[in-house]
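Visitor: Starting off with a structure, shown below.
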Amino acid sequence: MMGVVVVGSANMDVVARVPRIPGPGETLLARSFSRGGGGKGANQAVAAARAGGVETAFVGALGSDGDGQSLRESLTGSGVDMSVVAQSGEPTGTALISVADDGENAIVVVGGANADFTALDARQQQVIGAADVLLAQLEIDADVVLAAAQARREGAVFVLNAAPSQPLSEAMWAQLDVLVVNEHEAADLAVALGAPDRELDGAVDLLAGRVGSLVVTLGGEGSLVVEGGERTRVPAVPVTPVDTTGAGDTFVGVLGARLALGDSLVEAARWGSVAAALAVQRPGAQDGVPSAAEVRTAYTSGQN
């Protein structure tokens with residue numbers, strides 16, 4: 001069996017550090033420039049693998065270029081099984097990221113090989129079918145995500161991080177076990193379902209009526225877990241952010257790993273919050289993902 005299988009995107013992040021996020025038509029001089037692994041799917045796979053205790057595989061597509069080779073080696077080095085990643089004729093996906101002094105970011109993604117990933121092959125379906133927890137996002141073709149959900153074995157948990165925001169098909173709603181969204185994505189989904197406004201409490205009620213388990217991440221306010229009509233607030237760990245890029249993916253990846261280890265959803269969210277707090281204190285998406293030992297130490301100290 002495979003503990004966690006992540007189906008999603010992989011990008012090379014091209015990051016510029018700037019005093020603030022530029023406005024329309026504005027040019028700013030960057031203070032520094034770096035390249036590193038990114039993409040919501042790959043970030044979550046790294047987070048799940050580094051969480052410790054579960055095998056993790058990634059299902060996606062990379063180009064045959066140097067960026068693709070670099071990402072393949074980086075994820076393998078983090079403990080992610082890359083054996084069924086497709087090689088595309090398109091360039092590896094790229095994310096152009098501005099990171100401001102306060103840690104906020106603005107991101108433009110060029111899909112590349114991710115956009116070329118439009119179907120699962122037999123080997124990928126076999127790996128998915130062995131998963132205890134299937135994680136997916138929406139940076140790749142939604143039909144591929146749906147096919148992956150349908151390929152999972154009976155009893156496996158399908159966790160969808162519905163980002164970037166887009167409406168979900170009825171077929172996708174029918175497959176969901178756990179939906180993870182931030183407050184903006186929650187409002188977008190609720191409006192798509194007919195909500196009259198973007199008020200968060202109403203959005204949570206509406207979404208909770210469509211999926212058995214719901215997690216709404218609230219940035220510095222922590223997260224809200226809704227199961228069976230019961231709402232539980234999971235507080236954030238107070239820190240000063242350096243770079244918020246990939247923090248949400250760290251949360252989701254660790255949450256998925258903890259679910260595979262048998263934790264409740266609330267407990268998994270607590271571990272995810274600790275990991276995300278560590279991630280925002282260092283630069284980079286995958287580079288910022290903490291190790292299992294770091295998360296365990298921070299989690300244990302927070303319980304005392």
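Numbering starts fresh at 1 for the residues of each chain in the structure tokens, the chains themselves are lettered A, B, ... in the order given, and ligands are numbered from 1 as they appear.
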Would you mind writing down, as a ChimeraX atom specification, each residue of region 91-301 of chain A that DSSP on the backbone assigns to alpha helix (DSSP H)?
Guide: /A:122-129,142-151,170-175,183-192,200-208,247-260,265-279,292-301
Visitor: Applying 9 Å and only C-alpha atoms, which residues near region 31-37 of chain A remain after dropping the ones on its own chain fewer than 2 positions away? List them as an mmCIF file with C-alpha atoms, in the first residue's frame.
Guide:
```cif
data_model
loop_
_atom_site.group_PDB
_atom_site.id
_atom_site.type_symbol
_atom_site.label_atom_id
_atom_site.label_comp_id
_atom_site.auth_asym_id
_atom_site.auth_seq_id
_atom_site.Cartn_x
_atom_site.Cartn_y
_atom_site.Cartn_z
ATOM 1 C CA ALA A 10 4.978 20.728 -10.439
ATOM 2 C CA ASN A 11 6.628 24.060 -11.259
ATOM 3 C CA MET A 12 9.975 25.742 -11.125
ATOM 4 C CA ASP A 13 9.438 28.825 -8.975
ATOM 5 C CA VAL A 14 11.219 31.983 -10.098
ATOM 6 C CA VAL A 15 11.125 34.292 -7.081
ATOM 7 C CA ALA A 16 11.866 38.019 -6.817
ATOM 8 C CA ARG A 17 12.060 39.646 -3.376
ATOM 9 C CA VAL A 18 10.511 43.118 -3.501
ATOM 10 C CA PRO A 19 9.655 45.803 -0.914
ATOM 11 C CA LEU A 29 13.547 46.869 -8.391
ATOM 12 C CA GLY A 39 3.710 23.759 -7.855
ATOM 13 C CA ALA A 42 4.737 18.889 -5.776
ATOM 14 C CA ASN A 43 4.757 21.116 -2.693
ATOM 15 C CA ASP A 67 13.998 22.318 -14.723
ATOM 16 C CA SER A 70 16.044 19.378 -11.205
ATOM 17 C CA LEU A 71 12.526 18.956 -9.811
ATOM 18 C CA SER A 74 14.698 17.396 -5.624
ATOM 19 C CA LEU A 75 11.451 15.549 -4.918
ATOM 20 C CA GLY A 284 10.821 29.126 -0.714
ATOM 21 C CA ALA A 285 7.930 26.738 -1.260
ATOM 22 C CA GLN A 286 9.538 23.301 -1.113
ATOM 23 C CA ASP A 287 12.726 24.675 0.436
#
```
Visitor: Which residue, A:Ile21, A:Ile97, A:Ala113, A:Ala30, has the smallest gap to Gly8 (chain A) when you use only C-alpha atoms?
Guide: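 Looking at the shortest contact to Gly8 (chain A), the residue is A:Ala113.
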Visitor: At a cut-off of 10 Å, using only C-alpha atoms, what residues contact Val211 (chain A)? Leave out same-chain residues fewer than 3 positions from it and give the result as a PyMOL selection string.
Guide: chain A and resi 173-179+206-208+214+226-228
Visitor: Would you mind telling me which residue in A:Phe117, A:Gly79, A:Thr92, A:Pro235 lies nearest to Val59 (chain A) when using only C-alpha atoms?
Guide: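 Residue with the minimum atom-to-atom distance to Val59 (chain A): A:Phe117.
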Visitor: Which is closest to Ser213 (chain A) among A:Leu168, A:Ala192, A:Glu185, A:Val266, if we use only C-alpha atoms?
Guide: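 Among the listed residues, A:Val266 lies closest to Ser213 (chain A).
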Visitor: So that I can check the surroundings of Ser273 (chain A), please list as a ChimeraX atom specification every protein, DNA and RNA residue that reaches within 9 Å of it, counting only C-alpha atoms and ignoring chain neighbours fewer than 4 positions away.
Guide: /A:222-223,234-237,250-251,254-255,268-269,277-278
Visitor: So that I can check the surroundings of Val110 (chain A), please list as a PyMOL selection string every protein, DNA and RNA residue that reaches within 9 Å of it, counting only C-alpha atoms and ignoring chain neighbours fewer than 4 positions away.
Guide: chain A and resi 11+92-96+114-115
Visitor: Keeping only C-alpha atoms, write the selected residues to a file as an mmCIF file, in the first residue's frame.
Guide:
```
data_model
loop_
_atom_site.group_PDB
_atom_site.id
_atom_site.type_symbol
_atom_site.label_atom_id
_atom_site.label_comp_id
_atom_site.auth_asym_id
_atom_site.auth_seq_id
_atom_site.Cartn_x
_atom_site.Cartn_y
_atom_site.Cartn_z
ATOM 1 C CA ASN A 11 6.628 24.060 -11.259
ATOM 2 C CA THR A 92 8.250 22.208 -17.193
ATOM 3 C CA GLY A 93 5.696 24.485 -15.530
ATOM 4 C CA THR A 94 6.952 27.822 -14.243
ATOM 5 C CA ALA A 95 5.668 30.142 -11.515
ATOM 6 C CA LEU A 96 6.708 33.794 -11.484
ATOM 7 C CA ASN A 114 1.069 20.587 -16.246
ATOM 8 C CA ALA A 115 -1.366 21.781 -18.924
#
```
